[in-house]
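Asker: Here you go, this is model_27.cif (mmCIF, C-alpha atoms).
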data_start
loop_
_atom_site.label_atom_id
_atom_site.label_comp_id
_atom_site.auth_asym_id
_atom_site.auth_seq_id
_atom_site.Cartn_x
_atom_site.Cartn_y
_atom_site.Cartn_z
CA MET A 23 -9.39 -47.98 -222.51
CA VAL A 24 -12.79 -47.21 -224.02
CA VAL A 25 -13.15 -47.27 -227.78
CA PRO A 26 -15.87 -44.88 -228.98
CA GLY A 27 -18.91 -46.84 -230.17
CA LEU A 28 -18.19 -49.97 -228.12
CA ASP A 29 -18.58 -50.70 -224.40
CA VAL A 30 -15.67 -51.98 -222.32
CA VAL A 31 -16.91 -55.59 -222.24
CA THR A 32 -17.26 -55.73 -226.04
CA VAL A 33 -13.81 -54.17 -226.50
CA ALA A 34 -12.32 -56.77 -224.11
CA LEU A 35 -14.18 -59.53 -225.98
CA PHE A 36 -12.87 -58.37 -229.37
CA VAL A 37 -9.30 -57.84 -228.13
CA GLY A 38 -9.40 -61.29 -226.50
CA PHE A 39 -10.82 -62.97 -229.60
CA GLY A 40 -8.26 -61.13 -231.76
CA LEU A 41 -5.50 -62.41 -229.47
CA LEU A 42 -6.77 -66.00 -229.74
CA ILE A 43 -7.04 -66.04 -233.52
CA GLY A 44 -3.71 -64.18 -233.72
CA VAL A 45 -1.96 -66.96 -231.76
CA LEU A 46 -3.78 -69.71 -233.64
CA PHE A 47 -3.47 -68.40 -237.21
CA GLY A 48 -0.10 -66.68 -236.62
CA PHE A 49 1.23 -70.15 -235.79
CA PHE A 50 0.08 -71.40 -239.19
CA GLY A 51 1.10 -68.21 -241.05
CA MET A 52 -2.48 -67.16 -241.79
CA GLY A 53 -4.52 -64.03 -241.04
CA GLY A 54 -7.55 -65.61 -239.37
CA SER A 55 -10.25 -63.61 -241.14
CA ILE A 56 -12.10 -66.87 -241.85
CA LEU A 57 -13.26 -66.85 -238.19
CA VAL A 58 -13.87 -63.09 -237.80
CA THR A 59 -17.00 -62.69 -239.93
CA PRO A 60 -18.77 -65.76 -238.40
CA ALA A 61 -17.87 -64.46 -234.91
CA LEU A 62 -19.31 -61.01 -235.72
CA LEU A 63 -22.48 -62.66 -237.03
CA LEU A 64 -22.71 -64.70 -233.82
CA VAL A 65 -22.56 -61.57 -231.65
CA GLY A 66 -25.37 -59.99 -233.67
CA TYR A 67 -23.75 -57.79 -236.33
CA PRO A 68 -25.77 -57.32 -239.56
CA ALA A 69 -24.28 -59.43 -242.38
CA THR A 70 -23.17 -56.42 -244.45
CA VAL A 71 -21.30 -54.87 -241.49
CA ALA A 72 -19.84 -58.25 -240.44
CA VAL A 73 -18.46 -58.77 -243.97
CA GLY A 74 -17.19 -55.16 -244.28
CA THR A 75 -15.56 -55.31 -240.85
CA GLY A 76 -14.05 -58.71 -241.70
CA LEU A 77 -12.53 -57.22 -244.86
CA ALA A 78 -11.09 -54.27 -242.91
CA PHE A 79 -9.56 -56.81 -240.49
CA VAL A 80 -8.11 -58.66 -243.50
CA PHE A 81 -6.59 -55.37 -244.70
CA GLY A 82 -4.98 -54.64 -241.32
CA THR A 83 -3.52 -58.12 -240.81
CA SER A 84 -2.24 -58.34 -244.39
CA VAL A 85 -0.45 -54.96 -244.04
CA VAL A 86 1.39 -56.45 -241.04
CA GLY A 87 2.01 -59.65 -243.03
CA ALA A 88 3.34 -57.65 -246.00
CA LEU A 89 5.72 -55.78 -243.67
CA ARG A 90 7.05 -59.13 -242.42
CA HIS A 91 7.47 -60.46 -245.98
CA ARG A 92 9.15 -57.33 -247.37
CA ALA A 93 12.54 -58.36 -245.95
CA TYR A 94 12.52 -61.54 -248.03
CA GLY A 95 11.67 -59.78 -251.30
CA GLN A 96 9.75 -62.83 -252.46
CA ILE A 97 6.97 -61.25 -254.46
CA ASP A 98 5.91 -61.79 -258.08
CA TYR A 99 4.68 -58.24 -258.76
CA ARG A 100 3.21 -59.00 -262.21
CA LEU A 101 1.17 -61.88 -260.83
CA ALA A 102 0.13 -59.79 -257.79
CA ALA A 103 -1.02 -56.93 -260.07
CA LEU A 104 -3.10 -59.22 -262.29
CA LEU A 105 -4.64 -61.04 -259.34
CA THR A 106 -5.43 -57.70 -257.67
CA LEU A 107 -7.13 -56.49 -260.85
CA GLY A 108 -9.36 -59.57 -260.85
CA THR A 109 -9.92 -59.52 -257.08
CA THR A 110 -11.04 -55.88 -256.94
CA GLY A 111 -13.62 -56.57 -259.65
CA GLY A 112 -14.73 -59.66 -257.76
CA ILE A 113 -15.03 -57.77 -254.46
CA GLU A 114 -17.34 -55.24 -256.09
CA ILE A 115 -19.50 -58.10 -257.42
CA GLY A 116 -19.48 -59.82 -254.01
CA LYS A 117 -20.37 -56.62 -252.18
CA ARG A 118 -23.32 -56.00 -254.51
CA ALA A 119 -24.46 -59.61 -253.95
CA VAL A 120 -24.35 -59.20 -250.14
CA PHE A 121 -26.28 -55.93 -250.25
CA LEU A 122 -28.83 -57.47 -252.64
CA LEU A 123 -29.29 -60.40 -250.24
CA ASP A 124 -29.55 -57.92 -247.38
CA ALA A 125 -32.35 -56.13 -249.22
CA LEU A 126 -34.09 -59.51 -249.49
CA ASP A 127 -33.49 -60.02 -245.73
CA SER A 128 -31.49 -63.21 -246.31
CA ALA A 129 -27.84 -62.03 -246.18
CA ALA A 130 -27.13 -63.43 -242.69
CA PHE A 131 -28.68 -66.78 -243.64
CA VAL A 132 -26.70 -67.13 -246.89
CA VAL A 133 -23.37 -65.89 -245.44
CA ASN A 134 -23.74 -68.21 -242.43
CA ALA A 135 -24.67 -71.13 -244.69
CA VAL A 136 -21.60 -70.57 -246.87
CA TYR A 137 -19.41 -70.40 -243.76
CA VAL A 138 -20.84 -73.71 -242.49
CA VAL A 139 -19.66 -75.35 -245.72
CA LEU A 140 -16.38 -73.39 -246.06
CA LEU A 141 -15.17 -73.92 -242.47
CA GLY A 142 -16.39 -77.52 -242.45
CA ALA A 143 -14.70 -78.34 -245.76
CA THR A 144 -11.44 -76.63 -244.73
CA GLY A 145 -11.44 -78.46 -241.37
CA VAL A 146 -12.11 -81.82 -243.05
CA PHE A 147 -9.39 -81.06 -245.64
CA VAL A 148 -6.84 -80.37 -242.88
CA LEU A 149 -7.77 -83.66 -241.18
CA TRP A 150 -7.59 -85.51 -244.52
CA ASP A 151 -4.20 -83.89 -245.21
CA ILE A 152 -2.92 -85.12 -241.82
CA ARG A 153 -4.22 -88.63 -242.48
CA THR A 154 -2.67 -88.85 -245.96
CA GLY A 155 0.68 -87.42 -244.92
CA GLY A 156 0.23 -83.97 -246.54
CA THR A 157 2.26 -82.30 -249.23
CA GLY A 158 5.57 -80.51 -249.12
CA THR A 159 5.93 -76.74 -249.06
CA ASP A 160 6.35 -76.73 -252.85
CA GLY A 161 3.10 -78.53 -253.35
CA THR A 162 4.74 -81.87 -254.12
CA ARG A 163 4.96 -85.04 -252.11
CA ALA A 164 8.19 -86.28 -250.63
CA ASP A 165 8.32 -89.18 -253.09
CA ASP A 166 7.72 -86.88 -256.06
CA THR A 167 10.98 -86.98 -258.03
CA ASN A 168 9.92 -86.16 -261.60
CA PRO A 169 11.15 -82.71 -262.65
CA GLY A 170 8.88 -80.18 -264.41
CA PRO A 171 5.19 -79.42 -263.98
CA HIS A 172 2.81 -82.32 -263.46
CA GLY A 173 -0.68 -82.94 -262.20
CA VAL A 174 -2.82 -79.81 -261.89
CA ALA A 175 0.11 -77.46 -262.68
CA ALA A 176 0.75 -79.24 -266.01
CA LYS A 177 -2.92 -79.04 -266.97
CA VAL A 178 -3.17 -75.32 -266.08
CA GLN A 179 0.04 -74.43 -267.89
CA ALA A 180 -1.07 -76.43 -270.95
CA ILE A 181 -4.00 -74.04 -271.49
CA ASN A 182 -2.65 -71.82 -274.26
CA LEU A 183 -4.96 -68.81 -274.17
CA PRO A 184 -2.86 -65.69 -275.02
CA PRO A 185 -1.56 -63.48 -273.65
CA MET A 186 0.57 -65.78 -271.50
CA VAL A 187 2.16 -64.44 -268.30
CA SER A 188 5.56 -65.66 -267.08
CA VAL A 189 5.50 -66.37 -263.35
CA HIS A 190 8.22 -67.07 -260.80
CA GLY A 191 9.25 -70.69 -261.09
CA GLY A 192 9.64 -70.51 -264.88
CA ALA A 193 6.10 -71.36 -265.90
CA ALA A 194 3.78 -69.41 -268.21
CA VAL A 195 0.08 -69.15 -267.34
CA SER A 196 -2.73 -67.60 -269.38
CA MET A 197 -3.58 -64.09 -268.17
CA TRP A 198 -7.28 -65.00 -268.41
CA ILE A 199 -6.83 -67.86 -265.95
CA VAL A 200 -5.05 -65.54 -263.48
CA LEU A 201 -7.81 -62.92 -263.85
CA THR A 202 -10.54 -65.57 -263.45
CA VAL A 203 -8.89 -66.86 -260.27
CA GLY A 204 -8.67 -63.26 -259.02
CA VAL A 205 -12.34 -62.57 -259.76
CA GLY A 206 -13.41 -65.82 -258.06
CA ILE A 207 -11.43 -65.07 -254.91
CA GLY A 208 -12.64 -61.46 -255.00
CA VAL A 209 -16.29 -62.56 -255.09
CA LEU A 210 -15.59 -64.79 -252.08
CA SER A 211 -13.89 -61.87 -250.29
CA GLY A 212 -16.72 -59.48 -251.06
CA CYS A 213 -19.37 -61.98 -249.97
CA LEU A 214 -17.65 -63.40 -246.88
CA GLY A 215 -15.09 -60.79 -245.73
CA VAL A 216 -12.13 -63.15 -246.06
CA GLY A 217 -8.73 -62.53 -247.65
CA GLY A 218 -8.80 -65.78 -249.57
CA GLY A 219 -5.17 -66.70 -248.89
CA PHE A 220 -6.25 -70.21 -247.90
CA LEU A 221 -7.43 -70.68 -251.52
CA LEU A 222 -4.96 -68.44 -253.33
CA LEU A 223 -1.86 -70.15 -251.92
CA PRO A 224 -2.76 -73.68 -253.10
CA VAL A 225 -3.87 -72.30 -256.48
CA MET A 226 -0.57 -70.46 -257.00
CA ILE A 227 1.58 -73.34 -255.76
CA THR A 228 -0.31 -76.30 -257.20
CA GLY A 229 -1.93 -74.62 -260.20
CA PHE A 230 0.59 -72.02 -261.39
CA GLY A 231 3.73 -73.81 -260.17
CA VAL A 232 4.93 -70.78 -258.17
CA PRO A 233 7.45 -71.61 -255.39
CA ALA A 234 5.83 -71.55 -251.92
CA GLY A 235 7.84 -68.59 -250.57
CA VAL A 236 7.01 -66.40 -253.60
CA ALA A 237 3.37 -67.53 -253.47
CA ALA A 238 3.11 -66.48 -249.79
CA GLY A 239 4.66 -63.04 -250.43
CA THR A 240 2.58 -62.45 -253.57
CA SER A 241 -0.60 -63.59 -251.81
CA VAL A 242 -0.11 -61.28 -248.82
CA LEU A 243 0.61 -58.24 -251.04
CA GLN A 244 -2.41 -58.98 -253.21
CA ILE A 245 -4.63 -59.40 -250.14
CA ALA A 246 -3.33 -56.11 -248.65
CA VAL A 247 -4.22 -54.12 -251.78
CA SER A 248 -7.56 -55.82 -252.41
CA GLY A 249 -8.32 -55.64 -248.65
CA ALA A 250 -7.83 -51.85 -248.83
CA PHE A 251 -10.20 -51.73 -251.80
CA GLY A 252 -12.75 -53.92 -250.01
CA THR A 253 -12.56 -51.75 -246.89
CA PHE A 254 -13.09 -48.69 -249.08
CA VAL A 255 -16.16 -50.01 -250.94
CA PHE A 256 -17.83 -51.30 -247.77
CA ALA A 257 -16.98 -48.06 -245.90
CA LEU A 258 -18.70 -46.15 -248.73
CA SER A 259 -21.89 -47.98 -247.67
CA ASN A 260 -21.13 -47.29 -243.98
CA ALA A 261 -20.63 -51.04 -243.42
CA VAL A 262 -17.30 -51.06 -241.52
CA ASP A 263 -17.27 -50.93 -237.71
CA VAL A 264 -13.91 -49.18 -237.19
CA PRO A 265 -13.83 -49.57 -233.36
CA ALA A 266 -14.42 -53.33 -233.72
CA VAL A 267 -11.61 -53.57 -236.30
CA ALA A 268 -9.32 -51.56 -234.01
CA ALA A 269 -10.00 -53.88 -231.05
CA LEU A 270 -9.65 -57.08 -233.10
CA LEU A 271 -6.41 -55.87 -234.71
CA GLY A 272 -5.04 -54.79 -231.32
CA GLY A 273 -5.38 -58.36 -230.05
CA SER A 274 -4.46 -60.23 -233.21
CA ALA A 275 -1.24 -58.28 -233.93
CA LEU A 276 0.11 -59.32 -230.52
CA GLY A 277 -1.24 -62.85 -230.81
CA ALA A 278 0.30 -63.28 -234.26
CA ARG A 279 3.74 -62.48 -232.79
CA VAL A 280 3.21 -65.09 -230.07
CA GLY A 281 1.96 -67.64 -232.62
CA ALA A 282 4.82 -66.97 -235.04
CA GLY A 283 7.33 -67.29 -232.17
CA ALA A 284 5.75 -70.61 -231.17
CA THR A 285 6.52 -72.14 -234.59
CA ARG A 286 10.17 -72.46 -233.47
CA LEU A 287 9.13 -74.31 -230.31
CA VAL A 288 6.13 -76.48 -231.18
CA ASP A 289 5.91 -79.11 -233.91
CA GLU A 290 3.23 -78.01 -236.40
CA ALA A 291 2.14 -81.62 -236.93
CA ASP A 292 1.16 -81.86 -233.24
CA VAL A 293 -1.19 -78.87 -233.48
CA ARG A 294 -2.78 -79.30 -236.91
CA ARG A 295 -5.42 -81.68 -235.58
CA TYR A 296 -6.45 -79.08 -232.98
CA PHE A 297 -6.44 -76.40 -235.67
CA ALA A 298 -8.87 -78.51 -237.68
CA SER A 299 -11.05 -78.80 -234.59
CA VAL A 300 -11.28 -74.97 -234.35
CA LEU A 301 -12.35 -74.76 -238.00
CA LEU A 302 -14.96 -77.49 -237.44
CA ALA A 303 -16.14 -75.72 -234.27
CA GLY A 304 -16.51 -72.55 -236.38
CA SER A 305 -18.62 -74.52 -238.85
CA VAL A 306 -20.86 -75.88 -236.07
CA ALA A 307 -21.12 -72.38 -234.53
CA ALA A 308 -22.19 -70.90 -237.87
CA ALA A 309 -24.75 -73.71 -238.23
CA SER A 310 -26.04 -72.96 -234.71
CA SER A 311 -26.43 -69.29 -235.63
CA LEU A 312 -28.27 -70.32 -238.79
CA VAL A 313 -30.74 -72.56 -236.95
CA SER A 314 -31.06 -70.03 -234.13
CA HIS A 315 -32.16 -67.28 -236.51
CA ALA A 316 -34.40 -69.59 -238.54
CA PHE A 317 -36.31 -70.95 -235.54
CA GLY A 318 -35.77 -68.12 -233.02
CA VAL A 319 -33.83 -70.27 -230.52
CA GLU A 320 -31.46 -67.74 -228.92
CA GLU A 321 -29.77 -70.41 -226.76
CA LEU A 322 -28.35 -72.08 -229.87
CA ASN A 323 -26.64 -68.84 -230.90
CA THR A 324 -25.11 -68.51 -227.41
CA ALA A 325 -24.01 -72.15 -227.49
CA GLY A 326 -22.38 -71.58 -230.89
CA ALA A 327 -20.51 -68.52 -229.63
CA LEU A 328 -19.32 -70.42 -226.54
CA LEU A 329 -18.19 -73.36 -228.69
CA LEU A 330 -16.20 -71.13 -231.08
CA PHE A 331 -14.60 -68.96 -228.39
CA GLY A 332 -14.00 -71.97 -226.10
CA THR A 333 -12.31 -74.10 -228.78
CA ALA A 334 -10.16 -71.20 -229.97
CA SER A 335 -9.16 -70.50 -226.33
CA LEU A 336 -8.25 -74.14 -225.66
CA VAL A 337 -6.16 -74.57 -228.80
CA SER A 338 -4.36 -71.21 -228.36
CA ALA A 339 -3.66 -72.13 -224.73
CA ALA A 340 -2.31 -75.51 -225.87
CA ILE A 341 0.10 -73.79 -228.28
CA VAL A 342 1.32 -71.36 -225.58
CA ARG A 343 1.62 -74.15 -222.98
CA SER A 344 3.63 -76.39 -225.35
CA SER A 345 5.91 -73.44 -226.15
CA VAL A 346 6.53 -72.72 -222.46
CA GLU A 347 7.24 -76.41 -221.79
CA THR A 348 9.74 -76.52 -224.67
CA LEU A 349 11.42 -73.36 -223.38
CA GLY A 350 11.67 -74.97 -219.92
CA LYS A 351 13.24 -78.14 -221.38
CA ASP A 352 15.68 -76.07 -223.44
CA ARG A 353 16.69 -74.19 -220.31
CA GLU A 354 17.35 -77.45 -218.42
CA ARG A 355 19.52 -78.69 -221.32
CA GLY A 356 21.66 -75.54 -221.27
CA PRO A 357 21.99 -72.18 -223.03
CA PRO A 358 20.75 -72.08 -226.64
CA LEU A 359 23.17 -71.73 -229.53
CA ALA A 360 23.72 -68.16 -230.73
CA HIS A 361 22.04 -67.34 -234.06
CA MET B 28 30.60 -57.47 -229.89
CA SER B 29 27.23 -58.42 -228.48
CA ASP B 30 26.85 -54.93 -226.98
CA HIS B 31 27.59 -53.47 -230.41
CA ALA B 32 24.97 -55.69 -231.99
CA ASP B 33 22.41 -54.79 -229.29
CA SER B 34 23.16 -51.07 -229.70
CA ALA B 35 22.78 -51.35 -233.47
CA ALA B 36 19.50 -53.24 -233.08
CA VAL B 37 18.12 -50.70 -230.60
CA ALA B 38 19.24 -47.80 -232.84
CA SER B 39 17.62 -49.48 -235.83
CA THR B 40 14.39 -50.03 -233.88
CA PHE B 41 14.20 -46.42 -232.71
CA SER B 42 15.00 -45.22 -236.23
CA SER B 43 12.12 -47.35 -237.56
CA VAL B 44 9.84 -46.08 -234.81
CA GLN B 45 10.65 -42.48 -235.71
CA VAL B 46 10.03 -43.07 -239.42
CA VAL B 47 6.75 -44.86 -238.74
CA LEU B 48 5.51 -42.30 -236.22
CA VAL B 49 6.29 -39.44 -238.61
CA SER B 50 4.61 -41.36 -241.47
CA VAL B 51 1.51 -42.09 -239.39
CA LEU B 52 1.34 -38.46 -238.26
CA ALA B 53 1.79 -37.21 -241.84
CA ALA B 54 -0.84 -39.67 -243.11
CA SER B 55 -3.29 -38.59 -240.38
CA VAL B 56 -2.78 -34.88 -241.12
CA GLY B 57 -3.08 -35.63 -244.84
CA VAL B 58 -6.36 -37.48 -244.34
CA VAL B 59 -7.77 -34.69 -242.14
CA LEU B 60 -6.83 -32.08 -244.76
CA ALA B 61 -7.85 -34.13 -247.79
CA THR B 62 -11.14 -35.56 -246.46
CA PRO B 63 -13.30 -32.48 -247.20
CA ALA B 64 -11.87 -32.29 -250.72
CA LEU B 65 -12.81 -35.92 -251.40
CA GLY B 66 -16.52 -35.23 -250.88
CA GLY B 67 -18.52 -38.44 -250.41
CA TYR B 68 -15.38 -40.59 -250.60
CA GLY B 69 -13.75 -38.79 -247.65
CA PRO B 70 -15.06 -40.97 -244.78
CA ALA B 71 -14.29 -44.18 -246.70
CA VAL B 72 -10.73 -43.01 -247.45
CA ALA B 73 -10.37 -42.01 -243.78
CA THR B 74 -11.49 -45.53 -242.72
CA VAL B 75 -8.82 -47.14 -244.93
CA ALA B 76 -6.20 -44.69 -243.60
CA VAL B 77 -7.15 -45.34 -239.96
CA VAL B 78 -6.92 -49.14 -240.35
CA PHE B 79 -3.61 -48.78 -242.22
CA ALA B 80 -2.16 -46.42 -239.59
CA GLU B 81 -3.25 -48.72 -236.76
CA ALA B 82 -1.71 -51.76 -238.46
CA ILE B 83 1.63 -49.96 -238.90
CA ALA B 84 1.56 -48.58 -235.34
CA LEU B 85 0.76 -52.05 -233.91
CA TYR B 86 3.49 -53.69 -235.99
CA VAL B 87 6.11 -51.27 -234.69
CA GLY B 88 4.69 -50.91 -231.17
CA TYR B 89 4.43 -54.63 -230.50
CA GLY B 90 7.84 -55.11 -232.14
CA VAL B 91 9.39 -52.76 -229.58
CA LEU B 92 7.34 -54.31 -226.76
CA VAL B 93 8.42 -57.85 -227.66
CA ARG B 94 12.05 -56.75 -227.94
CA VAL B 95 11.98 -55.01 -224.56
CA ALA B 96 9.64 -57.19 -222.53
CA GLY B 97 10.07 -60.53 -224.35
CA PRO B 98 13.16 -61.78 -222.48
CA VAL B 99 11.62 -60.83 -219.11
CA ALA B 100 8.29 -62.51 -219.96
CA ARG B 101 10.11 -65.62 -221.18
CA GLU B 102 12.14 -65.78 -217.94
CA ILE B 103 8.99 -65.45 -215.81
CA LEU B 104 7.13 -68.13 -217.79
CA VAL B 105 10.00 -70.62 -217.72
CA SER B 106 10.80 -70.10 -214.03
CA ASP B 107 7.23 -71.06 -212.97
#
The structure in this file should be written as structure tokens.
Answerer:
Amino acid sequence: MVVPGLDVVTVALFVGFGLLIGVLFGFFGMGGSILVTPALLLVGYPATVAVGTGLAFVFGTSVVGALRHRAYGQIDYRLAALLTLGTTGGIEIGKRAVFLLDALDSAAFVVNAVYVVLLGATGVFVLWDIRTGGTGTDGTRADDTNPGPHGVAAKVQAINLPPMVSVHGGAAVSMWIVLTVGVGIGVLSGCLGVGGGFLLLPVMITGFGVPAGVAAGTSVLQIAVSGAFGTFVFALSNAVDVPAVAALLGGSALGARVGAGATRLVDEADVRRYFASVLLAGSVAAASSLVSHAFGVEELNTAGALLLFGTASLVSAAIVRSSVETLGKDRERGPPLAH
Amino acid sequence: MSDHADSAAVASTFSSVQVVLVSVLAASVGVVLATPALGGYGPAVATVAVVFAEAIALYVGYGVLVRVAGPVAREILVSD
């Protein structure tokens, strides 16, 4: 298959990379856009096109995610609408910022620098979360027995800035806080080409007190709509590489099915450390690209690309291998129970 | 009973496939017809429509593929 605008090797590379991040992030219920823009920068895309293409990838993966979530009906539509309102405004601001930086010839530097920090901080947070035992799916710890909002949720819900919006879970949050969160995540999306689910989910669960299932459904719907808007505004500036998006989506949609299937076979706790290592490898790869462009050392860029692709390959392979081993053990034990 | 369930699942899948294929076709024709009328926004709207159509087609296509080829692939992997 030859996609117009891309040679066969590049198509294979993008499909393969899409497959890897599909397996990896599908396992953890995420889209994987956080690695797409840095990867596109590593292979030489201009920052504006890398961000626009990343946003189009976010749109495609979140449409698939929204289709999966529709069966559960766990969406807070009012919250999704308000967040989308804020996010679309934020994306427009972010897009203008990226194009302004591009005009100053520093977009690639700034976007890469932000990714070094973002991927590094997320990777360290995952490792820290493993070390401290993590939180439950509702944002509380196992020993947390006090009913009602507490901690961050209590502080956020105590801000009485009308109009207040009732959210799933029984809490009321100021509309201005929801809009501000939306704008903040939108700016990040517009600048970096990410969906922002990795930030939105903890904010909704820990800050707004929304149950985890509703937060996931609301987040994916909000990302789908704002992803469509982001794709539109970047496409208006001719900054979306449609063949690259098509190839990446082709791989990631299949990989996400494999990754999601593996969650029933592999213990998440066993893989989280490796997941953190991919994020940290992404951070190092973005740093390599940064130094490579600053000092003109092409080998560093190649080394960064190899590190990112190699780590993602190893961790995805580990997930698949563990799944196959579990399937083999299940087969030796006897036929599985019908469900 | 199991055969009934399998038949129902296959019928449901093909029904979904038909709906999605018709929707994707209708969306594509709609974009082709509407693009000139949208002026400067046409190519951007077409980009959003193409990504959307591909996502839906992949969701359904891989769903059918996994349903049909999944058990065979699983058997091959486990038997090695």
Asker: Could you list, as a list of chain:residue names, the residues of chain A having an atom within 6 Å of chain B when counting all atoms listed in the file?
Answerer: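 Therefore, the residues near the partner are A:Gly82, A:Phe254, A:Ala257, A:Leu258, A:Gly350.
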Asker: Step by step, work through what the PyMOL selection byres ((chain A and resi 207) around 9) selects in the shown file, and finish by giving those residues as a PyMOL selection string.
Answerer: chain A and resi 108-109+112-113+202-206+208-212+217-219+221-222
Asker: Evaluate the PyMOL selection byres ((chain A and resi 314) around 12) against this structure - the residues, as a list in words, please.
Answerer: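 So the PyMOL selection byres ((chain A and resi 314) around 12), applied here, picks out Leu63, Leu64, Gly66, Ala130, Phe131, Asn134, Val306, Ala307, Ala308, Ala309, Ser310, Ser311, Leu312, Val313, His315, Ala316, Phe317, Gly318, Val319, Glu320, Glu321, Leu322, Asn323, Thr324, Ala325, Gly326 and Ala327 of chain A.
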Asker: One number please: CA of Ser335 in chain A to CA of Val45 in chain A, in Å, one decimal.
Answerer: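 Going from CA of Ser335 in chain A over to CA of Val45 in chain A, I get 9.7 Å.
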Asker: May I have a table of the residues of range 266-309 of chain A lying at most 12 Å from range 25-40 of chain A, giving each one's closest pair of atoms and their distance in Å to one decimal, counting all atoms listed in the file, ordered by chain and ascending residue number, as JSON lines?
Answerer:
{"residue": "A:Ala266", "atom": "CA", "partner": "A:Phe36", "partner_atom": "CA", "distance": 6.8}
{"residue": "A:Val267", "atom": "CA", "partner": "A:Phe36", "partner_atom": "CA", "distance": 8.5}
{"residue": "A:Ala268", "atom": "CA", "partner": "A:Val25", "partner_atom": "CA", "distance": 8.5}
{"residue": "A:Ala269", "atom": "CA", "partner": "A:Val37", "partner_atom": "CA", "distance": 5.0}
{"residue": "A:Leu270", "atom": "CA", "partner": "A:Gly40", "partner_atom": "CA", "distance": 4.5}
{"residue": "A:Leu271", "atom": "CA", "partner": "A:Gly40", "partner_atom": "CA", "distance": 6.3}
{"residue": "A:Gly272", "atom": "CA", "partner": "A:Val37", "partner_atom": "CA", "distance": 6.1}
{"residue": "A:Gly273", "atom": "CA", "partner": "A:Gly40", "partner_atom": "CA", "distance": 4.3}
{"residue": "A:Ser274", "atom": "CA", "partner": "A:Gly40", "partner_atom": "CA", "distance": 4.2}
{"residue": "A:Ala275", "atom": "CA", "partner": "A:Gly40", "partner_atom": "CA", "distance": 7.9}
{"residue": "A:Leu276", "atom": "CA", "partner": "A:Gly40", "partner_atom": "CA", "distance": 8.7}
{"residue": "A:Gly277", "atom": "CA", "partner": "A:Gly40", "partner_atom": "CA", "distance": 7.3}
{"residue": "A:Ala278", "atom": "CA", "partner": "A:Gly40", "partner_atom": "CA", "distance": 9.2}
Asker: Could you save those same residues with C-alpha atoms as a PDB file, in the coordinates of the input?
Answerer:
ATOM      1  CA  ALA A 266     -14.420 -53.330-233.720  1.00  0.00           C
ATOM      2  CA  VAL A 267     -11.610 -53.570-236.300  1.00  0.00           C
ATOM      3  CA  ALA A 268      -9.320 -51.560-234.010  1.00  0.00           C
ATOM      4  CA  ALA A 269     -10.000 -53.880-231.050  1.00  0.00           C
ATOM      5  CA  LEU A 270      -9.650 -57.080-233.100  1.00  0.00           C
ATOM      6  CA  LEU A 271      -6.410 -55.870-234.710  1.00  0.00           C
ATOM      7  CA  GLY A 272      -5.040 -54.790-231.320  1.00  0.00           C
ATOM      8  CA  GLY A 273      -5.380 -58.360-230.050  1.00  0.00           C
ATOM      9  CA  SER A 274      -4.460 -60.230-233.210  1.00  0.00           C
ATOM     10  CA  ALA A 275      -1.240 -58.280-233.930  1.00  0.00           C
ATOM     11  CA  LEU A 276       0.110 -59.320-230.520  1.00  0.00           C
ATOM     12  CA  GLY A 277      -1.240 -62.850-230.810  1.00  0.00           C
ATOM     13  CA  ALA A 278       0.300 -63.280-234.260  1.00  0.00           C
TER      14      ALA A 278
END
Asker: Output range 85-91 of chain B as a short mmCIF file (atom, residue, chain, number, x, y, z; two decimals), in the frame of the given file, making sure N, CA, C and O atoms are there.
Answerer:
data_model
loop_
_atom_site.label_atom_id
_atom_site.label_comp_id
_atom_site.auth_asym_id
_atom_site.auth_seq_id
_atom_site.Cartn_x
_atom_site.Cartn_y
_atom_site.Cartn_z
N LEU B 85 0.73 -50.80 -234.69
CA LEU B 85 0.76 -52.05 -233.91
C LEU B 85 1.99 -52.88 -234.25
O LEU B 85 2.62 -53.46 -233.38
N TYR B 86 2.31 -52.91 -235.55
CA TYR B 86 3.49 -53.69 -235.99
C TYR B 86 4.75 -53.18 -235.29
O TYR B 86 5.54 -53.95 -234.74
N VAL B 87 4.91 -51.85 -235.30
CA VAL B 87 6.11 -51.27 -234.69
C VAL B 87 6.02 -51.33 -233.16
O VAL B 87 6.97 -51.72 -232.49
N GLY B 88 4.85 -50.95 -232.63
CA GLY B 88 4.69 -50.91 -231.17
C GLY B 88 4.90 -52.26 -230.52
O GLY B 88 5.66 -52.38 -229.55
N TYR B 89 4.25 -53.29 -231.07
CA TYR B 89 4.43 -54.63 -230.50
C TYR B 89 5.85 -55.15 -230.75
O TYR B 89 6.38 -55.92 -229.95
N GLY B 90 6.46 -54.72 -231.87
CA GLY B 90 7.84 -55.11 -232.14
C GLY B 90 8.76 -54.61 -231.04
O GLY B 90 9.60 -55.35 -230.52
N VAL B 91 8.58 -53.35 -230.66
CA VAL B 91 9.39 -52.76 -229.58
C VAL B 91 9.06 -53.45 -228.26
O VAL B 91 9.96 -53.81 -227.49
#
